[in-house]
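**Student:** Compact mmCIF, C-alpha atoms, saved as target-v9.txt, coming up:
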```
# COMPACT_ATOMS: atom_id res chain seq x y z
CA MET A 1 -33.20 -118.94 -61.22
CA SER A 2 -29.97 -117.12 -62.12
CA ILE A 3 -26.65 -118.93 -62.33
CA GLU A 4 -25.43 -117.04 -59.25
CA LEU A 5 -28.47 -118.03 -57.16
CA LEU A 6 -28.23 -121.63 -58.35
CA ALA A 7 -24.56 -121.83 -57.36
CA THR A 8 -25.36 -120.34 -53.96
CA SER A 9 -28.21 -122.82 -53.46
CA ILE A 10 -25.97 -125.78 -54.34
CA ALA A 11 -23.24 -124.53 -52.01
CA ASP A 12 -25.67 -123.97 -49.12
CA ARG A 13 -27.20 -127.42 -49.50
CA ALA A 14 -23.78 -129.06 -49.67
CA TYR A 15 -22.62 -127.14 -46.60
CA ASP A 16 -25.70 -128.15 -44.62
CA ARG A 17 -25.35 -131.81 -45.59
CA ILE A 18 -21.63 -132.07 -44.90
CA ARG A 19 -21.99 -130.28 -41.58
CA ALA A 20 -24.85 -132.54 -40.52
CA ASP A 21 -22.91 -135.63 -41.56
CA ILE A 22 -20.01 -134.54 -39.35
CA VAL A 23 -22.15 -133.54 -36.37
CA PHE A 24 -24.20 -136.75 -36.47
CA GLY A 25 -21.14 -138.95 -36.93
CA ARG A 26 -21.79 -140.16 -40.45
CA LEU A 27 -18.39 -138.73 -41.37
CA SER A 28 -16.13 -140.28 -38.75
CA PRO A 29 -13.70 -138.26 -36.60
CA GLY A 30 -10.29 -138.13 -38.27
CA ALA A 31 -11.63 -139.28 -41.66
CA ARG A 32 -9.83 -137.92 -44.71
CA LEU A 33 -12.09 -135.70 -46.81
CA ARG A 34 -11.17 -136.32 -50.44
CA LEU A 35 -12.54 -133.58 -52.64
CA ASP A 36 -13.14 -135.82 -55.67
CA ARG A 37 -15.22 -138.23 -53.61
CA LEU A 38 -17.10 -135.43 -51.86
CA ALA A 39 -17.94 -133.87 -55.23
CA GLY A 40 -19.75 -137.05 -56.23
CA ASP A 41 -21.45 -137.50 -52.85
CA TYR A 42 -22.66 -133.92 -52.39
CA GLY A 43 -23.06 -132.64 -55.94
CA ALA A 44 -20.76 -129.63 -55.56
CA SER A 45 -17.65 -128.55 -57.44
CA VAL A 46 -14.17 -129.01 -56.00
CA SER A 47 -13.72 -125.25 -55.62
CA THR A 48 -17.05 -124.96 -53.78
CA LEU A 49 -16.09 -127.85 -51.50
CA ARG A 50 -12.79 -126.17 -50.62
CA GLU A 51 -14.73 -123.09 -49.50
CA ILE A 52 -17.16 -125.23 -47.50
CA LEU A 53 -14.42 -127.19 -45.77
CA SER A 54 -12.53 -123.99 -44.96
CA ARG A 55 -15.72 -122.63 -43.38
CA LEU A 56 -16.18 -125.82 -41.36
CA SER A 57 -12.56 -125.58 -40.31
CA SER A 58 -13.27 -122.16 -38.79
CA GLU A 59 -16.10 -123.86 -36.82
CA GLY A 60 -13.75 -126.51 -35.45
CA LEU A 61 -15.43 -129.39 -37.27
CA VAL A 62 -12.75 -129.88 -39.93
CA ILE A 63 -8.96 -129.75 -39.83
CA ALA A 64 -7.15 -128.06 -42.75
CA GLU A 65 -3.76 -129.67 -43.37
CA GLY A 66 -2.28 -127.44 -46.05
CA GLN A 67 -1.22 -129.42 -49.12
CA ARG A 68 -2.55 -132.64 -47.58
CA GLY A 69 -6.13 -131.39 -47.74
CA PHE A 70 -8.81 -131.74 -45.09
CA ARG A 71 -10.02 -134.24 -42.52
CA VAL A 72 -12.81 -134.42 -39.99
CA ALA A 73 -11.72 -133.03 -36.63
CA PRO A 74 -10.75 -135.81 -34.19
CA VAL A 75 -12.38 -136.35 -30.81
CA SER A 76 -10.75 -136.92 -27.43
CA PRO A 77 -11.72 -137.06 -23.75
CA ALA A 78 -10.05 -133.69 -23.13
CA GLY A 79 -11.86 -132.20 -26.12
CA PHE A 80 -15.23 -133.35 -24.80
CA GLU A 81 -14.53 -131.89 -21.36
CA ASP A 82 -13.55 -128.58 -22.96
CA VAL A 83 -16.68 -128.40 -25.14
CA ALA A 84 -18.91 -129.38 -22.20
CA ALA A 85 -17.42 -126.64 -20.02
CA MET A 86 -18.05 -124.06 -22.74
CA ARG A 87 -21.62 -125.30 -23.19
CA LEU A 88 -22.27 -124.93 -19.45
CA LEU A 89 -20.74 -121.45 -19.41
CA LEU A 90 -23.02 -120.22 -22.18
CA GLU A 91 -26.19 -122.05 -21.17
CA THR A 92 -26.07 -121.14 -17.49
CA TYR A 93 -25.55 -117.50 -18.52
CA ALA A 94 -28.50 -117.57 -20.94
CA LEU A 95 -31.00 -119.48 -18.78
CA PRO A 96 -31.69 -116.71 -16.20
CA LEU A 97 -32.06 -114.13 -18.98
CA SER A 98 -34.48 -116.34 -20.88
CA PHE A 99 -36.51 -117.27 -17.82
CA ALA A 100 -36.88 -113.59 -16.89
CA ALA A 101 -38.00 -112.50 -20.36
CA GLY A 102 -39.94 -115.53 -21.56
CA ASP A 103 -43.66 -115.07 -22.18
CA LEU A 104 -46.55 -117.49 -22.67
CA GLU A 105 -45.56 -118.16 -26.29
CA TRP A 106 -42.05 -119.06 -25.11
CA GLU A 107 -43.50 -121.39 -22.46
CA SER A 108 -45.57 -123.10 -25.14
CA ARG A 109 -42.51 -123.72 -27.32
CA VAL A 110 -40.57 -125.13 -24.35
CA VAL A 111 -43.45 -127.49 -23.46
CA ALA A 112 -43.79 -128.62 -27.10
CA ALA A 113 -40.05 -129.23 -27.43
CA HIS A 114 -40.01 -131.27 -24.23
CA HIS A 115 -43.03 -133.29 -25.37
CA LYS A 116 -41.17 -134.43 -28.51
CA LEU A 117 -37.98 -135.16 -26.59
CA ALA A 118 -39.78 -137.16 -23.88
CA PHE A 119 -41.57 -139.20 -26.54
CA MET A 120 -38.25 -140.20 -28.14
CA GLU A 121 -36.68 -140.94 -24.76
CA ARG A 122 -39.51 -143.34 -23.92
CA ARG A 123 -39.07 -145.06 -27.28
CA MET A 124 -35.35 -145.49 -26.73
CA MET A 125 -35.80 -146.77 -23.19
CA ALA A 126 -38.18 -149.34 -24.67
CA GLY A 127 -35.34 -150.60 -26.86
CA ASP A 128 -35.84 -148.66 -30.10
CA GLN A 129 -32.37 -147.49 -31.09
CA GLU A 130 -33.23 -146.51 -34.67
CA GLY A 131 -34.34 -143.03 -33.66
CA THR A 132 -31.02 -141.91 -32.17
CA GLU A 133 -30.50 -139.01 -34.56
CA LEU A 134 -34.08 -137.75 -34.16
CA TRP A 135 -33.73 -138.00 -30.37
CA LYS A 136 -30.62 -135.80 -30.46
CA ARG A 137 -32.35 -133.31 -32.77
CA TYR A 138 -35.18 -133.03 -30.24
CA ASP A 139 -32.67 -132.77 -27.40
CA ARG A 140 -31.05 -129.83 -29.18
CA GLU A 141 -34.45 -128.21 -29.82
CA PHE A 142 -35.41 -128.47 -26.15
CA HIS A 143 -32.23 -126.92 -24.79
CA GLN A 144 -32.35 -124.23 -27.48
CA ALA A 145 -35.96 -123.46 -26.56
CA LEU A 146 -35.04 -123.03 -22.90
CA ILE A 147 -32.68 -120.17 -23.70
CA GLU A 148 -34.23 -118.66 -26.83
CA ALA A 149 -35.83 -115.76 -24.93
CA CYS A 150 -32.44 -114.57 -23.63
CA GLY A 151 -32.52 -111.54 -25.93
CA SER A 152 -29.15 -112.04 -27.63
CA GLN A 153 -28.93 -113.56 -31.10
CA THR A 154 -25.13 -113.50 -30.86
CA LEU A 155 -25.30 -115.64 -27.72
CA LEU A 156 -27.75 -118.04 -29.36
CA ASP A 157 -25.58 -118.40 -32.46
CA LEU A 158 -22.46 -119.04 -30.38
CA TYR A 159 -24.33 -121.53 -28.22
CA GLY A 160 -25.66 -123.36 -31.28
CA GLY A 161 -22.16 -123.96 -32.60
CA VAL A 162 -20.89 -125.18 -29.23
CA PHE A 163 -23.92 -127.43 -28.73
CA ASP A 164 -23.30 -129.05 -32.12
CA GLN A 165 -19.73 -129.80 -31.06
CA TYR A 166 -21.11 -131.35 -27.87
CA LEU A 167 -23.73 -133.28 -29.84
CA ARG A 168 -21.05 -134.71 -32.13
CA TYR A 169 -19.26 -136.23 -29.16
CA GLN A 170 -22.52 -137.77 -27.99
CA MET A 171 -23.23 -139.27 -31.40
CA VAL A 172 -19.71 -140.69 -31.72
CA ALA A 173 -19.91 -142.21 -28.24
CA VAL A 174 -23.60 -143.23 -28.61
CA VAL A 175 -24.46 -141.73 -25.22
CA PHE A 176 -27.90 -142.44 -23.77
CA ARG A 177 -28.33 -142.39 -20.01
CA GLY A 178 -31.96 -143.45 -20.06
CA ASP A 179 -34.26 -142.39 -17.24
CA ILE A 180 -31.53 -140.36 -15.52
CA ALA A 181 -31.32 -137.91 -18.42
CA ALA A 182 -35.08 -138.00 -18.96
CA GLU A 183 -35.67 -137.01 -15.34
CA GLU A 184 -33.15 -134.18 -15.63
CA HIS A 185 -35.04 -132.91 -18.67
CA ARG A 186 -38.30 -133.04 -16.69
CA GLN A 187 -36.64 -131.01 -13.93
CA LEU A 188 -35.50 -128.40 -16.45
CA LEU A 189 -39.02 -128.14 -17.85
CA ASP A 190 -40.44 -127.63 -14.35
CA CYS A 191 -37.83 -124.97 -13.65
CA ALA A 192 -38.75 -123.13 -16.83
CA LEU A 193 -42.46 -123.12 -16.03
CA THR A 194 -41.84 -121.91 -12.46
CA ARG A 195 -39.07 -119.50 -13.57
CA ASN A 196 -36.59 -121.03 -11.11
CA ALA A 197 -33.32 -120.14 -12.82
CA ASP A 198 -31.04 -121.10 -9.92
CA ARG A 199 -32.50 -124.59 -9.74
CA ALA A 200 -32.35 -124.88 -13.52
CA CYS A 201 -28.65 -124.02 -13.61
CA ALA A 202 -27.95 -126.59 -10.90
CA ALA A 203 -29.95 -129.23 -12.77
CA LEU A 204 -28.21 -128.39 -16.04
CA THR A 205 -24.78 -128.66 -14.40
CA ARG A 206 -25.66 -132.14 -13.10
CA HIS A 207 -27.05 -133.04 -16.53
CA VAL A 208 -23.97 -132.06 -18.51
CA ASN A 209 -21.36 -133.23 -16.00
CA GLY A 210 -23.20 -136.52 -15.62
CA CYS A 211 -23.07 -137.04 -19.38
CA VAL A 212 -19.35 -136.26 -19.48
CA THR A 213 -18.58 -138.65 -16.63
CA TYR A 214 -20.70 -141.41 -18.17
CA THR A 215 -19.04 -140.98 -21.56
CA LEU A 216 -15.48 -140.91 -20.26
CA GLU A 217 -16.06 -143.95 -18.04
CA SER A 218 -17.45 -145.87 -21.00
CA GLY A 219 -14.11 -145.54 -22.81
CA ALA A 220 -15.88 -144.64 -26.07
CA LEU A 221 -13.55 -141.69 -26.71
CA ALA A 222 -10.30 -143.43 -25.76
```
Translate this file's structure into structure tokens.
**Tutor:**
Amino acid sequence: MSIELLATSIADRAYDRIRADIVFGRLSPGARLRLDRLAGDYGASVSTLREILSRLSSEGLVIAEGQRGFRVAPVSPAGFEDVAAMRLLLETYALPLSFAAGDLEWESRVVAAHHKLAFMERRMMAGDQEGTELWKRYDREFHQALIEACGSQTLLDLYGGVFDQYLRYQMVAVVFRGDIAAEEHRQLLDCALTRNADRACAALTRHVNGCVTYTLESGALA
């Protein structure tokens, strides 16, 4: 492997790890990101880390503070409401397009994604809280599968970034609404298989708004 490819590989791995640690709450909102410490934790040079953190700043996950360096973007009730509204805007636009274009292969991926998500939801409702991160990964996969046949990669990329912002709030607040959310996911699956986009958009709106209300009432973001 050439030096250039090796450097790119190291940078990509460090970017993926830091981003995941922010999204899944392992790097806490508002935490100072010291480059010397990050270099040891992620195996990347200080100059590479500056580029990574600048990139994450453009995604809204990191705050650049000039000479003071970088910190993880904070969270707030208003921020969660804003991200949730953007998620709904994009997802309710993409759902009808995906439902209209989706074929049998798409249906199979939606069913498989829901199967994994439902399995984790049952585990968590039984009291197993160690799989929280895997549950949220499967949640993301299911919602992404629902809209992946929309025909627009730009829309999917934009949605992915917004969903990760939404997911970060959920991980910080440790949001799990149990059977309520599981039933909403079952409704979305049924809507996909029957191609009922109007009902799906209504179910999704209840799903997202219910999560926002539950989170804000819990006081976890105060």
**Student:** Within 8 Å of His114 (chain A), counting only C-alpha atoms, which residues qualify if same-chain residues fewer than 3 places away don't, as a PyMOL selection string?
**Tutor:** chain A and resi 110-111+117-118+138+142+185-186+189
**Student:** Find the residues around Pro29 (chain A) up to 7 Å (only C-alpha atoms counted), leave out those fewer than 3 positions away in its own chain, and share them as a PyMOL selection string.
**Tutor:** chain A and resi 72-75
**Student:** Just the residues within 8 Å of region 57-61 of chain A, please, counting all atoms listed in the file, with nothing from its chain fewer than 2 positions along; format it as a list in words.
**Tutor:**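 That gives Arg19, Ile22, Val23, Leu53, Ser54, Arg55, Ile63, Ala64, Val72, Ala73, Gly161 and Gln165 of chain A.
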**Student:** Counting only C-alpha atoms, find residues at most 7 Å from (-36.9, -142.9, -21.6) (file frame) and give them as a list in words.
**Tutor:**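 Within the cut-off we find Ala118, Glu121, Arg122, Arg123, Met124, Met125, Gly178, Asp179 and Ala182 of chain A.
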**Student:** Which distance in Å separates CA of Ala197 (chain A) and CA of Ser152 (chain A), to one decimal?
**Tutor:** 17.4 Å
**Student:** Leaving out His143 (chain A) and any residue of its chain fewer than 3 positions from it, which residues lie within 12 Å of it when counting only C-alpha atoms, given as a ChimeraX atom specification?
**Tutor:** /A:87-88,90-92,94-95,98,109-114,117,136-140,146-149,156,159-160,163-164,167,184-186,188-189,192,200,204,207-208
**Student:** Within 9 Å of Leu216 (chain A), counting all atoms listed in the file, which residues qualify if same-chain residues fewer than 6 places away don't, as a ChimeraX atom specification?
**Tutor:** /A:77,80,222
**Student:** Rounded to one decimal place, report the CA of Gly25 (chain A)-CA of Val172 (chain A) distance in Å.
**Tutor:**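 For CA of Gly25 (chain A) relative to CA of Val172 (chain A), the distance reads 5.7 Å.
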**Student:** With all atoms listed in the file as the atoms that count, which of A:Thr194, A:Gln170, A:Gln187, A:Thr205 lies nearest to Ser76 (chain A)?
**Tutor:** A:Gln170
**Student:** Could you state the separation of CA of Trp135 (chain A) and CA of Thr154 (chain A) in Å, given to one decimal place?
**Tutor:** 26.0 Å
**Student:** Padding 5 Å on each side, edges along x, y and z: where is the centre of the box around the listed atoms of region 44-60 of chain A, and how long are its edges in Å to one decimal? Output it as JSON.
**Tutor:**
```
{"center_x": -16.6, "center_y": -125.9, "center_z": -46.4, "size_x": 18.2, "size_y": 17.5, "size_z": 32.0}
```
**Student:** Between A:Leu49, A:Ala203, A:Val174, A:Ala44, which has the minimum distance to Cys191 (chain A) (counting all atoms listed in the file)?
**Tutor:**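 Among the listed residues, the smallest separation from Cys191 (chain A) belongs to A:Ala203.
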